[in-house]
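> Contents of entry-v2.txt (compact mmCIF, C-alpha atoms):
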```txt
# COMPACT_ATOMS: atom_id res chain seq x y z
CA MET S 1 -13.54 -8.19 -106.66
CA ASN S 2 -16.30 -10.49 -105.38
CA ILE S 3 -19.49 -8.40 -105.14
CA VAL S 4 -22.91 -9.36 -103.78
CA VAL S 5 -25.97 -7.28 -104.64
CA LEU S 6 -29.14 -7.49 -102.54
CA VAL S 7 -32.24 -7.18 -104.72
CA LYS S 8 -35.98 -7.25 -104.12
CA GLN S 9 -39.05 -7.78 -106.25
CA VAL S 10 -41.73 -5.18 -105.50
CA PRO S 11 -45.16 -4.21 -106.83
CA ASP S 12 -44.89 -1.89 -109.80
CA THR S 13 -45.31 1.69 -108.58
CA TYR S 14 -47.75 2.26 -111.45
CA SER S 15 -50.00 -0.54 -110.20
CA GLU S 16 -52.49 -0.37 -107.37
CA ARG S 17 -50.81 -1.69 -104.24
CA LYS S 18 -52.78 -3.04 -101.32
CA LEU S 19 -52.69 -5.34 -98.31
CA THR S 20 -54.53 -8.64 -97.99
CA ASP S 21 -57.69 -8.79 -95.88
CA ALA S 22 -56.53 -11.97 -94.14
CA ASP S 23 -53.34 -10.83 -92.43
CA HIS S 24 -52.64 -7.31 -93.75
CA THR S 25 -49.46 -8.37 -95.53
CA LEU S 26 -48.59 -7.23 -99.03
CA ASP S 27 -51.00 -8.59 -101.64
CA ARG S 28 -48.43 -9.67 -104.20
CA ASP S 29 -51.00 -11.00 -106.65
CA SER S 30 -52.89 -7.71 -106.92
CA ALA S 31 -50.19 -5.85 -108.86
CA ASP S 32 -47.52 -6.38 -111.46
CA ALA S 33 -44.16 -7.25 -109.90
CA VAL S 34 -40.82 -5.76 -110.99
CA LEU S 35 -37.22 -5.51 -109.88
CA ASP S 36 -37.11 -2.47 -107.60
CA GLU S 37 -35.65 0.50 -109.45
CA ILE S 38 -33.13 1.26 -106.70
CA ASN S 39 -31.88 -2.32 -107.00
CA GLU S 40 -31.28 -1.79 -110.72
CA ARG S 41 -28.95 1.03 -109.72
CA ALA S 42 -27.24 -1.21 -107.16
CA VAL S 43 -26.70 -3.87 -109.83
CA GLU S 44 -25.42 -1.24 -112.26
CA GLU S 45 -22.89 0.01 -109.70
CA ALA S 46 -21.68 -3.53 -109.06
CA LEU S 47 -21.22 -4.10 -112.79
CA ARG S 48 -19.24 -0.88 -113.17
CA ILE S 49 -16.96 -1.93 -110.32
CA GLN S 50 -16.58 -5.34 -111.91
CA GLU S 51 -15.64 -3.76 -115.24
CA ALA S 52 -12.97 -1.68 -113.50
CA HIS S 53 -11.58 -4.29 -111.11
CA GLY S 54 -12.66 -7.67 -112.48
CA GLY S 55 -14.28 -10.39 -110.37
CA GLU S 56 -17.83 -11.69 -110.05
CA VAL S 57 -21.26 -10.25 -109.28
CA THR S 58 -23.74 -12.40 -107.36
CA VAL S 59 -27.38 -11.38 -106.90
CA VAL S 60 -29.06 -12.36 -103.62
CA ALA S 61 -32.84 -12.19 -103.21
CA MET S 62 -35.52 -13.36 -100.80
CA GLY S 63 -39.13 -13.84 -101.86
CA PRO S 64 -41.72 -16.14 -103.42
CA GLU S 65 -41.18 -18.17 -106.58
CA ARG S 66 -42.04 -15.29 -108.92
CA THR S 67 -39.02 -13.38 -107.56
CA THR S 68 -37.04 -15.26 -110.21
CA GLU S 69 -38.41 -12.72 -112.71
CA ALA S 70 -36.61 -9.91 -110.88
CA ILE S 71 -33.50 -12.07 -110.52
CA ARG S 72 -33.42 -12.76 -114.27
CA LYS S 73 -33.68 -9.01 -114.90
CA ALA S 74 -30.53 -8.47 -112.81
CA LEU S 75 -28.80 -11.35 -114.57
CA SER S 76 -29.76 -9.95 -117.98
CA MET S 77 -28.07 -6.67 -117.02
CA GLY S 78 -24.84 -8.61 -116.56
CA ALA S 79 -24.70 -10.20 -113.10
CA ASP S 80 -23.03 -13.62 -113.14
CA LYS S 81 -25.21 -15.75 -110.85
CA ALA S 82 -27.85 -15.60 -108.14
CA VAL S 83 -28.96 -17.06 -104.83
CA HIS S 84 -32.71 -17.08 -104.17
CA LEU S 85 -34.20 -17.81 -100.74
CA SER S 86 -37.78 -18.97 -101.31
CA ASP S 87 -39.94 -20.69 -98.72
CA PRO S 88 -43.60 -20.32 -97.64
CA ALA S 89 -42.35 -19.96 -94.05
CA LEU S 90 -40.87 -16.56 -94.95
CA HIS S 91 -44.29 -14.99 -95.53
CA GLY S 92 -44.77 -11.90 -93.40
CA SER S 93 -41.19 -11.71 -92.13
CA CYS S 94 -40.29 -8.37 -90.53
CA GLN S 95 -37.23 -6.30 -91.39
CA VAL S 96 -35.16 -7.87 -88.60
CA ALA S 97 -35.91 -11.42 -89.74
CA THR S 98 -35.35 -10.43 -93.38
CA ALA S 99 -31.96 -8.95 -92.54
CA LYS S 100 -30.90 -12.05 -90.62
CA ALA S 101 -32.03 -14.32 -93.47
CA LEU S 102 -30.22 -12.27 -96.11
CA ALA S 103 -27.11 -12.23 -93.94
CA LYS S 104 -27.22 -16.03 -93.84
CA LEU S 105 -27.21 -16.14 -97.63
CA VAL S 106 -24.40 -13.59 -97.99
CA GLY S 107 -22.39 -15.37 -95.33
CA SER S 108 -22.59 -18.62 -97.28
CA ILE S 109 -20.78 -17.04 -100.25
CA GLU S 110 -17.02 -17.33 -100.01
CA GLY S 111 -14.69 -14.37 -100.34
CA VAL S 112 -17.19 -11.52 -100.48
CA ASP S 113 -15.39 -8.16 -100.78
CA LEU S 114 -18.36 -5.83 -101.10
CA VAL S 115 -22.12 -5.99 -100.55
CA ILE S 116 -24.23 -3.40 -102.38
CA ALA S 117 -27.90 -2.65 -101.70
CA GLY S 118 -30.45 0.05 -102.44
CA ASN S 119 -31.01 2.50 -99.61
CA GLU S 120 -34.69 1.54 -99.28
CA SER S 121 -37.30 -0.47 -101.16
CA SER S 122 -40.21 1.25 -102.85
CA ASP S 123 -42.81 -0.89 -101.06
CA GLY S 124 -41.79 -1.05 -97.40
CA ARG S 125 -39.57 2.06 -97.39
CA GLY S 126 -38.08 1.05 -94.04
CA GLY S 127 -34.53 1.83 -95.14
CA ALA S 128 -33.04 -0.24 -92.32
CA VAL S 129 -32.40 -3.66 -93.85
CA PRO S 130 -28.98 -2.89 -95.44
CA ALA S 131 -27.55 -1.58 -92.15
CA MET S 132 -28.98 -4.54 -90.24
CA VAL S 133 -27.49 -7.02 -92.72
CA GLY S 134 -24.11 -5.36 -92.25
CA GLU S 135 -24.50 -5.51 -88.46
CA VAL S 136 -25.31 -9.23 -88.52
CA LEU S 137 -22.33 -9.92 -90.79
CA GLY S 138 -20.03 -7.72 -88.71
CA LEU S 139 -19.20 -5.51 -91.68
CA PRO S 140 -18.64 -1.74 -91.75
CA VAL S 141 -21.69 -0.10 -93.30
CA ILE S 142 -21.84 3.09 -95.36
CA THR S 143 -25.33 4.24 -96.32
CA GLN S 144 -26.78 6.79 -98.77
CA ALA S 145 -23.91 6.57 -101.26
CA SER S 146 -24.12 8.80 -104.34
CA LYS S 147 -20.64 7.82 -105.57
CA VAL S 148 -18.46 4.77 -104.85
CA GLU S 149 -14.73 4.33 -105.42
CA LEU S 150 -12.68 1.24 -104.57
CA THR S 151 -9.05 0.39 -103.98
CA ASP S 152 -7.75 -3.09 -103.24
CA THR S 153 -8.42 -2.65 -99.54
CA THR S 154 -10.90 0.20 -99.07
CA VAL S 155 -14.19 1.63 -100.30
CA LYS S 156 -14.66 5.40 -100.48
CA VAL S 157 -18.14 6.87 -100.66
CA GLU S 158 -19.52 10.31 -101.43
CA ARG S 159 -22.78 11.23 -99.73
CA VAL S 160 -25.07 14.18 -100.45
CA THR S 161 -26.36 15.79 -97.26
CA ASP S 162 -28.37 18.91 -96.43
CA GLU S 163 -25.11 20.60 -95.43
CA GLY S 164 -23.14 19.58 -98.54
CA LEU S 165 -20.99 16.60 -99.50
CA ALA S 166 -19.68 14.09 -96.99
CA PHE S 167 -16.88 11.61 -97.71
CA VAL S 168 -16.71 8.31 -95.85
CA GLU S 169 -14.15 5.52 -96.12
CA ALA S 170 -14.13 1.94 -94.78
CA ASN S 171 -11.93 -1.10 -95.06
CA LEU S 172 -13.09 -4.04 -97.16
CA PRO S 173 -15.09 -6.20 -96.86
CA ALA S 174 -17.92 -3.73 -96.35
CA LEU S 175 -21.58 -3.05 -97.16
CA VAL S 176 -22.72 0.03 -99.07
CA SER S 177 -26.28 1.19 -99.74
CA VAL S 178 -26.83 3.52 -102.70
CA THR S 179 -29.32 6.26 -103.57
CA GLU S 180 -31.00 7.09 -106.85
CA LYS S 181 -28.20 9.59 -107.55
CA ILE S 182 -25.58 6.85 -107.93
CA ASN S 183 -26.02 6.13 -111.67
CA GLU S 184 -28.37 5.45 -114.55
CA PRO S 185 -28.85 1.68 -114.95
CA ARG S 186 -28.22 0.07 -118.32
CA TYR S 187 -30.93 -1.58 -120.38
CA PRO S 188 -30.49 -5.33 -120.84
CA SER S 189 -29.49 -6.22 -124.37
CA PHE S 190 -31.12 -9.05 -126.30
CA LYS S 191 -27.90 -11.00 -125.88
CA GLY S 192 -27.98 -10.34 -122.14
CA ILE S 193 -31.60 -11.46 -121.87
CA MET S 194 -30.84 -14.73 -123.66
CA ALA S 195 -27.68 -15.31 -121.63
CA ALA S 196 -29.57 -14.75 -118.37
CA LYS S 197 -31.68 -17.84 -119.02
CA LYS S 198 -28.56 -20.01 -118.72
CA LYS S 199 -26.97 -18.35 -115.70
CA PRO S 200 -27.13 -20.33 -112.44
CA VAL S 201 -29.76 -19.48 -109.83
CA ASP S 202 -29.30 -21.40 -106.58
CA THR S 203 -32.75 -21.63 -105.00
CA LYS S 204 -32.71 -22.43 -101.29
CA SER S 205 -35.36 -23.24 -98.70
CA ILE S 206 -34.90 -22.00 -95.14
CA ALA S 207 -33.65 -25.48 -94.22
CA ASP S 208 -31.05 -25.32 -97.00
CA ALA S 209 -29.89 -21.93 -95.68
CA GLY S 210 -29.72 -23.09 -92.07
CA ILE S 211 -32.59 -20.85 -90.93
CA GLU S 212 -35.00 -22.03 -88.23
CA ALA S 213 -38.71 -21.65 -88.96
CA GLY S 214 -39.10 -19.89 -85.60
CA GLU S 215 -36.81 -17.09 -86.78
CA VAL S 216 -38.95 -15.93 -89.69
CA GLY S 217 -42.54 -15.48 -90.79
CA LEU S 218 -45.47 -13.39 -89.64
CA ALA S 219 -45.95 -15.32 -86.41
CA ASN S 220 -42.42 -14.41 -85.32
CA ALA S 221 -42.36 -10.85 -86.67
CA SER S 222 -41.37 -7.99 -84.37
CA THR S 223 -43.85 -5.69 -86.13
CA LYS S 224 -47.27 -6.37 -87.60
CA VAL S 225 -50.06 -4.40 -89.28
CA VAL S 226 -53.12 -4.92 -87.07
CA GLU S 227 -55.63 -2.93 -89.10
CA ALA S 228 -55.84 -1.45 -92.59
CA ALA S 229 -58.49 0.33 -94.62
CA PRO S 230 -58.50 1.71 -98.17
CA LYS S 231 -58.02 5.42 -98.46
CA PRO S 232 -61.31 7.28 -98.91
CA PRO S 233 -62.20 8.53 -102.39
CA ARG S 234 -61.33 12.12 -103.14
CA SER S 235 -64.16 14.55 -102.62
CA GLY S 236 -65.20 17.08 -105.19
CA GLY S 237 -63.58 19.87 -103.20
CA GLN S 238 -64.99 23.33 -102.66
CA LYS S 239 -65.54 25.71 -105.55
CA VAL S 240 -65.16 29.45 -105.15
CA GLU S 241 -67.05 31.69 -107.54
CA ASP S 242 -65.06 34.89 -108.10
CA ASP S 243 -67.55 37.71 -107.89
CA GLY S 244 -64.90 40.14 -106.81
CA THR S 245 -64.48 38.56 -103.39
CA GLY S 246 -62.72 35.37 -104.56
CA GLY S 247 -59.43 36.24 -102.93
CA THR S 248 -61.10 36.89 -99.58
CA LYS S 249 -63.02 33.61 -99.74
CA ILE S 250 -59.83 31.66 -100.46
CA VAL S 251 -58.00 33.24 -97.53
CA GLU S 252 -60.97 32.54 -95.26
CA TYR S 253 -60.98 28.90 -96.35
CA LEU S 254 -57.22 28.50 -95.82
CA SER S 255 -57.52 30.17 -92.44
CA ALA S 256 -60.33 27.80 -91.43
CA GLN S 257 -58.08 24.87 -92.36
CA LYS S 258 -55.27 26.46 -90.32
CA LEU S 259 -53.08 26.65 -93.41
CA VAL S 260 -52.41 30.39 -93.07
```
Render the structure in this file as structure tokens.


Amino acid sequence: MNIVVLVKQVPDTYSERKLTDADHTLDRDSADAVLDEINERAVEEALRIQEAHGGEVTVVAMGPERTTEAIRKALSMGADKAVHLSDPALHGSCQVATAKALAKLVGSIEGVDLVIAGNESSDGRGGAVPAMVGEVLGLPVITQASKVELTDTTVKVERVTDEGLAFVEANLPALVSVTEKINEPRYPSFKGIMAAKKKPVDTKSIADAGIEAGEVGLANASTKVVEAAPKPPRSGGQKVEDDGTGGTKIVEYLSAQKLV
């Protein structure tokens, strides 16, 4: 089973995340960067499938040079190799351009049976890139998977919905996006961390990948942030002294805020 996992390096959720003043894109230098947690679960699922069916797991990522840190994390978990698209021209690319670029990378890998991705990244939270990658590649797409089962020719997915469980099946090759319910990712062992340093990472520019500069980047993005401001500091709030009328004062306040 030849599996590709789409991964992304994101600002640590415990760090302060902000946009740059110059063009309102993500300020990557202002926060620690990590492999997105949902991508760890995607890698874990790929490794479990590999353990059951054999084959190879390839990590595919798009981002600046420091993205190699996230790639090495995935490799230390057990992935076999990686493809990294890194080029200054990619800065500010929208979801559509990102999906097309990732699809180019996946399409360059021979014999892909299954593409696995997280359902959404913790920074952009658009949740549309996996489906768009599948559309560009012409693959059936199953999103929001909480359980994945494979045969030689099909992938079966369990999804948790508001109404209960839904079961979806598609022929391979296919693309599946997973939720946080899919598994608990393994911790890289010391042996895995050392082995990851020797695993191949094929770094490509947009020219190497056959991507035109006019297809990517902020200047060609379909969506842009035109204005941003930091959230205001929290106020001290309103204190209510309970002199026997505290309950009434609280209700009056909630009513004034149209909360009751």

> Please provide the set of residues having any atom within 12 Å of Ala166 of chain S, restricted to only C-alpha atoms, with same-chain residues fewer than 3 positions apart removed, written as a count of residues only.

15

> Using all atoms listed in the file - which residues lie no farther than 12 Å from the point (-52.7, -14.7, -105.4) in the file's frame? Write them as a list in words.

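Residues found, by chain and rising number: Leu19, Thr20, Leu26, Asp27, Arg28, Asp29, Ser30, Ala31, Asp32, Pro64 and Arg66 of chain S.
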
> Work out how far atom CA of Ala74 of chain S is from atom CA of Phe190 of chain S, in Å to one decimal.

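Taking atom CA of Phe190 of chain S as the start and atom CA of Ala74 of chain S as the end point, the length is 13.5 Å.
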
> Atom CA of Ser122 of chain S and atom CA of Ser108 of chain S are how many Å apart?

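We find that atom CA of Ser122 of chain S and atom CA of Ser108 of chain S lie 27.1 Å from each other.
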
> Near segment 225-229 of chain S, counting only C-alpha atoms, which residues have an atom at most 10 Å away, once you skip same-chain residues fewer than 6 positions from it, shown as a count of residues only?

7

> Around the point (-31.4, -9.2, -117.6) in the file's coordinates, collect all residues with an atom within 9 Å, using only C-alpha atoms, and return them as a list in words.

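Answer for this query, in the requested form: Ala70, Ile71, Arg72, Lys73, Ala74, Leu75, Ser76, Met77, Gly78, Ala79, Tyr187, Pro188, Ser189, Phe190, Gly192, Ile193, Met194, Ala195, Ala196 and Lys197 of chain S.
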
> Tell me, in Å to one decimal, how far atom CA of Glu69 of chain S is from atom CA of Leu6 of chain S.

14.7 Å

> Near segment 217-221 of chain S, within 7 Å and counting all atoms listed in the file, which residues show up once chain neighbours fewer than 6 positions away are dropped, as a PyMOL selection string?

chain S and resi 89-94

> Can you pull out the residues contacting segment 38-53 of chain S? Cut-off 10 Å, using all atoms listed in the file, and skip same-chain residues under 2 positions away; I want them as an MDAnalysis selection string.

chainID S and resid 1:9 35:36 55:59 70 73:75 77:80 114:122 147:152 176:187

> Show which residues sit within 7 Å of segment 129-139 of chain S, as a CSV table (one decimal) with C-alpha atoms, in the frame of the given file. Count all atoms listed in the file, and ignore same-chain residues fewer than 2 positions away.


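Written out: result_35.csv:
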```
chain,number,residue,atom,x,y,z
S,95,GLN,CA,-37.2,-6.3,-91.4
S,99,ALA,CA,-32.0,-9.0,-92.5
S,100,LYS,CA,-30.9,-12.0,-90.6
S,102,LEU,CA,-30.2,-12.3,-96.1
S,103,ALA,CA,-27.1,-12.2,-93.9
S,117,ALA,CA,-27.9,-2.6,-101.7
S,127,GLY,CA,-34.5,1.8,-95.1
S,141,VAL,CA,-21.7,-0.1,-93.3
S,173,PRO,CA,-15.1,-6.2,-96.9
S,174,ALA,CA,-17.9,-3.7,-96.4
S,175,LEU,CA,-21.6,-3.0,-97.2
S,177,SER,CA,-26.3,1.2,-99.7
```

> Using only C-alpha atoms, can you tell me which of S:Val251, S:Leu259, S:Val10, S:Ile109 comes closest to Gly124 of chain S?

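Counting only C-alpha atoms, the residue closest to Gly124 of chain S is S:Val10.
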
> Restricting the calculation to only C-alpha atoms, which member of S:Lys231, S:Lys204, S:His84, S:Lys198 is positioned closest to Glu16 of chain S?

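For Glu16 of chain S, the nearest of the given residues is S:Lys231.
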